[in-house]
Structures are given as C-alpha cells and as structure tokens.
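Chemist: Following this message is one structure expressed as structure tokens.
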Amino acid sequence: EQIKKGNYDHFMQKEIHEQPHSLTTTMRGRLKDSDVVLGGLKDHLRTIRHSRRIVFIGCGTSYNAALAARPFFEELTGIPVTMEIASDLLDRQGPIYREDTAVFVSQSGETADTLIALEYALENGAMCVGITNTVGSTLARKTHCGVHINAGCEIGVASTKAYTSQIVAMSMVALAIGDDRISTRARRAAIINGLSDLPNKVRKVLKLDSEMRDLAESLIDSESLLVFGRGYNYATALEGALKVKEVALMHSEGMLAGEMKHGPLALVDEILPIIVIATRDACFSKQQSVIQQLHARKGRLIVMCSEGDASSVCPSGSCRAIEVPQSEDCLQPVLNIIPLQLLAYHLTVLRGYDVDQPRNLAKSVTTQ
Ligand code: G6P
C-alpha cells in the first residue's frame with residue numbers, strides 16, 4: 001500500500017497532487033486545435049442537440065461536478081439544464097421525457113441511486129449519457145453513450161481528482177454539443193485555450209499547500225465553517241464544504257451567496273469562520289458587496305480571490321486571503337476547489353482523523 005502512495009502519507013493527498021496529470025489524461029487526444037473529439041459521443045451529438053432539456057443526475061461530489069458544469073453547458077449548448085440528485089429524482093418520480101437528454105455523472109459508475117435513476121430514465125425514453133471514471137462499469141454499459149474521464153484509479157473515499165476531471169470532461173462534452181453554433185465560436189476557442197493551460201495553473205495552485213496547512217491550523221478548533229459562492233463557483237462552495245464535512249468531520253455548509261441575506265446572515269459573528277469565493281468573473285462586484293456586508297457584521301472572513309486582488313478584496317486587511325491564478329471564468333471552479341481540498345486534507349490530519357477512510361462512509365454506495 002505504501003508503494004501505491006509513493007511519497008505521500010495518504011491517498012487523498014496523493015490524488016490532490018496528481019491533478020495536473022489526471023487533467024492532462026482527461027484531455028489527452030481529445031482537443032484538436034479548435035475542435036473537441038469525443039469518440040464515445042460523436043454518433044449521438046445530433047440527437048442530443050435536438051433535446052428539449054438536459055438533466056444532470058448524480059450523487060455527492062459527482063452531483064457537485066455537474067452543478068459546476070451547468071452554467072457553461074447552458075451557455076455553450078443553448079439547451080436548459082436541470083439538476084437532479086439521483087435519490088430525490090426517484091423519491092419524487094420526477095418527470096423525464098423522450099425529448100430529454102439525461103447525463104449521469106458517477107466516478108465509480110456503480111452508485112445504486114444513480115443506476116436506479118438510469119433505469120428510470122431509460123424506461124421513460126430519454127437519451128442517456130454516462131460520465132464515469134470506470135471503464136466497464138454498470139453506468140458505462142447501460143447508457144446509450146458517454147465519456148470516460150480517465151482520471152486514473154481514485155482510492156481516497158473523498159473524491160478529489162475525479163471531481164476536477166468530471167468538470168473538464170463535461171466542458172468538452174458541452175463544447176462538442178455546441179460546436180455547430182457560430183455565435184459562440186470565439187468563446188469556444190477561449191475555453192479550449194483555457195483547458196490547455198489548466199494543468200500548469202493547477203500546478204501553481206498546489207503551491208498553496210503550506211498556506212492551506214497554516215489556515216487549517218487556525219481552524220482546527222472551529223465547530224463550523226461556511227463557504228459562500230455564486231455563479232460558476234456555487235458548486236465550489238458546496239464541494240469545498242462537503243470535503244471538510246466528510247473527512248475533517250467538521251460541520252460545514254456551502255451556500256449560495258445570493259441567499260445570504262435570507263437567513264445565513266443571522267449566523268455571522270466574530271467566531272464562525274466564513275470562506276467567500278470572490279475570484280474575477282461576472283459576479284465579482286456582487287461578491288465584493290457580500291464581503292463588505294459580512295465585514296460590517298464583524299464576520300471572520302477568509303476570501304478566495306484572483307492573484308493580485310488580496311489587498312483590494314479584503315477591507316483594510318481585515319481578512320485572510322487565498323490568491324489563486326485566473327483561468328477562463330467557466331473553468332475557474334477547477335482551480336478554486338483545490339485550496340479547499342488541501343484545507344480539508346490538512347484539517348483532517350491536524351484533527352487526527354482517518355483521511356482515506358472517514359468513519360461511516362464508503363467509496364461507492366452500492367445499496368439504496
Ligand atoms: C460516495 C462517496 C463520494 C461520492 C459519491 C458518489 O458517497 O463517498 O465521494 O461522491 O458516493 O459516487 P460516484 O461513484 O457515483 O461518483
């Protein structure tokens with residue numbers, strides 16, 4: 001087992017640091033200049049383009065990856081995307097139509113709720129697409145078509161490299177579906193460029209490791225941690241909080257910053273740490289005003305911002321800043337999650353919990 005961990009203490013740590021490589025393998029052979037080539041999808045693109053709706057279905061981290069993909073999927077395909085947690089779709093027996101494309105996202109391809117939701121979508125006549133890390137999995141076999149994310153085997157129960165590879169794979173799917181649209185040509189080219197740059201930028205973000213360890217030290221005794229995001233990074237807030245919750249065993253909630261004044265603001269005091277994601281994108285000025293409102297209530301703030309923005313986003317140096325490199329806005333979630341993965345990892349080690357096998361959790365939940 002130690003051989004498989006290489007120079008790392010834990011699989012989660014290894015898998016976090018592997019991301020420049022796993023993202024490279026996700027993209028390998030699939031980006032050709034201004035084109036995206038996805039062998040497992042190409043014969044079905046016409047049908048998908050004619051869908052009335054795309055429904056993303058998954059559980060846990062895979063659901064969060066789909067949520068991160070939703071904004072650019074809608075932008076690049078022009079098709080409305082709705083989100084379903086697999087168990088909730090089944091509980092409601094929510095409507096799925098023949099004109100729908102249902103996209104199932106699952107690292108293992110064996111999660112029971114996701115597979116039962118797949119049966120349900122197949123019965124209802126939807127076009128079913130699988131996004132998985134596991135060749136030959138039930139999901140890969142039972143969907144009409146799909147894409148393997150090729151992130152390599154993930155052993156840590158908390159998903160890390162599969163999350164970023166799922167987002168990148170889904171960005172390539174969105175590019176492929178939307179490649180007949182002239183209006184988005186420049187944007188598509190910018191995203192393809194952004195994808196090629198991503199592994200290098202991930203390498204840079206990973207240098208925040210010791211900074212995130214310091215931050216973890218300062219949070220070691222906290223009872224709770226909030227993460228506020230919006231737009232492209234709403235999913236980052238949910239996924240960052242999920243990582244902290246599942247491995248560091250600390251209560252943590254990811255929240256939509258736009259909802260802050262409708263409840264969460266009541267929690268703000270000088271003790272509760274709050275991470276605000278405020279990297280540069282169309283929501284930046286709204287996040288600046290969130291920071292000001294939290295600051296006015298003496299909130300204990302940690303702000304994730306773009307390189308060079310620390311002094312301007314932190315009012316009078318009153319908060320801690322995490323600076324990350326900037327990428328094409330819709331790919332920023334791939335970079336922004338990494339400091340939060342590192343934070344969850346270090347918090348877990350410092351608090352003395354099992355990183356790779358958190359209590360009560362399983363890598364793949366194969367029963368309902
Ligand atoms: C379990 C794992 C999570 C994972 C979820 C979905 O809860 O602990 O890390 O995100 O299942 O798994 P899947 O294999 O479908 O992505």
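FYI, nothing fancy with the structure tokens labels: chains A, B, ... in order, residues from 1 per chain, ligands from 1 as they appear.
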Tell me which protein, DNA and RNA residues are within 9 Å of Ser51 in chain A, counting only C-alpha atoms, leaving out same-chain ones fewer than 3 positions away, and put them as a list in words.

Modeler: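 Here the answer would be Thr47, Ile48, Ile54, Ile79, Arg98, Glu99, Asp100, Thr101 and Met127 of chain A.
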
Chemist: Any idea what's packed within 7 Å of range 304-310 of chain A, counting only C-alpha atoms, ignoring anything in its chain fewer than 4 positions away? Could you give it as a PyMOL selection string?

Modeler: chain A and resi 276-280+314+321-326

Chemist: Please dump the current selection as a CSV table (one decimal), in the first residue's frame; keep N, CA and C atoms.

Modeler:
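Writing the result to result.csv gives the following:
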chain,number,residue,atom,x,y,z
A,276,VAL,N,-15.3,33.1,1.6
A,276,VAL,CA,-16.1,33.7,0.5
A,276,VAL,C,-15.2,33.6,-0.8
A,277,ILE,N,-15.8,33.0,-1.8
A,277,ILE,CA,-15.1,32.8,-3.1
A,277,ILE,C,-15.4,34.0,-3.9
A,278,ALA,N,-14.4,34.8,-4.2
A,278,ALA,CA,-14.6,36.1,-4.9
A,278,ALA,C,-13.5,36.2,-6.0
A,279,THR,N,-13.3,35.2,-6.8
A,279,THR,CA,-12.4,35.3,-8.0
A,279,THR,C,-13.1,36.1,-9.1
A,280,ARG,N,-12.3,36.6,-10.0
A,280,ARG,CA,-12.8,37.5,-11.0
A,280,ARG,C,-13.8,36.8,-12.0
A,314,CYS,N,-9.9,42.5,0.5
A,314,CYS,CA,-10.0,42.5,2.0
A,314,CYS,C,-10.1,43.9,2.6
A,321,ALA,N,-6.6,36.2,3.0
A,321,ALA,CA,-6.9,36.0,1.5
A,321,ALA,C,-6.1,34.8,1.0
A,322,ILE,N,-6.8,34.1,0.1
A,322,ILE,CA,-6.2,33.0,-0.6
A,322,ILE,C,-6.2,33.4,-2.1
A,323,GLU,N,-5.0,33.6,-2.6
A,323,GLU,CA,-4.9,34.1,-4.0
A,323,GLU,C,-4.7,32.9,-5.0
A,324,VAL,N,-5.6,32.8,-6.0
A,324,VAL,CA,-5.4,31.7,-7.0
A,324,VAL,C,-5.2,32.3,-8.4
A,325,PRO,N,-4.5,31.6,-9.2
A,325,PRO,CA,-4.4,32.1,-10.6
A,325,PRO,C,-5.7,32.2,-11.3
A,326,GLN,N,-5.8,33.0,-12.3
A,326,GLN,CA,-7.1,33.1,-13.0
A,326,GLN,C,-7.1,32.3,-14.3

Chemist: Which residue out of A:Leu242, A:Leu272, A:Ile16, A:Ile220 has the minimum interatomic distance to Asn64 in chain A when only C-alpha atoms are used?

Modeler: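 For Asn64 in chain A, the nearest of the given residues is A:Leu242.
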
Chemist: Could you produce a table of the residues of chain A lying within 6 Å of ligand 1, with the nearest pair of atoms per residue and their separation in Å rounded to one decimal, using only C-alpha atoms and all ligand atoms, ordered by chain and increasing residue number, as JSON lines?

Modeler:
{"residue": "A:Cys59", "atom": "CA", "partner": "ligand 1", "partner_atom_place_in_ligand_line": "6 (C)", "distance": 4.7}
{"residue": "A:Gly60", "atom": "CA", "partner": "ligand 1", "partner_atom_place_in_ligand_line": "10 (O)", "distance": 4.0}
{"residue": "A:Thr61", "atom": "CA", "partner": "ligand 1", "partner_atom_place_in_ligand_line": "10 (O)", "distance": 3.7}
{"residue": "A:Ser62", "atom": "CA", "partner": "ligand 1", "partner_atom_place_in_ligand_line": "16 (O)", "distance": 4.7}
{"residue": "A:Ser106", "atom": "CA", "partner": "ligand 1", "partner_atom_place_in_ligand_line": "16 (O)", "distance": 3.5}
{"residue": "A:Gln107", "atom": "CA", "partner": "ligand 1", "partner_atom_place_in_ligand_line": "16 (O)", "distance": 3.6}
{"residue": "A:Ser108", "atom": "CA", "partner": "ligand 1", "partner_atom_place_in_ligand_line": "14 (O)", "distance": 3.6}
{"residue": "A:Gly109", "atom": "CA", "partner": "ligand 1", "partner_atom_place_in_ligand_line": "14 (O)", "distance": 5.5}
{"residue": "A:Thr111", "atom": "CA", "partner": "ligand 1", "partner_atom_place_in_ligand_line": "15 (O)", "distance": 4.6}
{"residue": "A:Val157", "atom": "CA", "partner": "ligand 1", "partner_atom_place_in_ligand_line": "8 (O)", "distance": 5.2}
{"residue": "A:Ala158", "atom": "CA", "partner": "ligand 1", "partner_atom_place_in_ligand_line": "9 (O)", "distance": 4.4}
{"residue": "A:Ser159", "atom": "CA", "partner": "ligand 1", "partner_atom_place_in_ligand_line": "9 (O)", "distance": 4.5}
{"residue": "A:Leu361", "atom": "CA", "partner": "ligand 1", "partner_atom_place_in_ligand_line": "8 (O)", "distance": 5.8}
{"residue": "A:Ala362", "atom": "CA", "partner": "ligand 1", "partner_atom_place_in_ligand_line": "8 (O)", "distance": 5.1}
{"residue": "A:Lys363", "atom": "CA", "partner": "ligand 1", "partner_atom_place_in_ligand_line": "8 (O)", "distance": 4.4}
{"residue": "A:Ser364", "atom": "CA", "partner": "ligand 1", "partner_atom_place_in_ligand_line": "11 (O)", "distance": 5.0}
{"residue": "A:Val365", "atom": "CA", "partner": "ligand 1", "partner_atom_place_in_ligand_line": "1 (C)", "distance": 5.6}

Chemist: Among range 21-80 of chain A, which ones does DSSP place in helix (DSSP H, G or I), written as a ChimeraX atom specification?

Modeler: /A:21-27,42-49,60-77
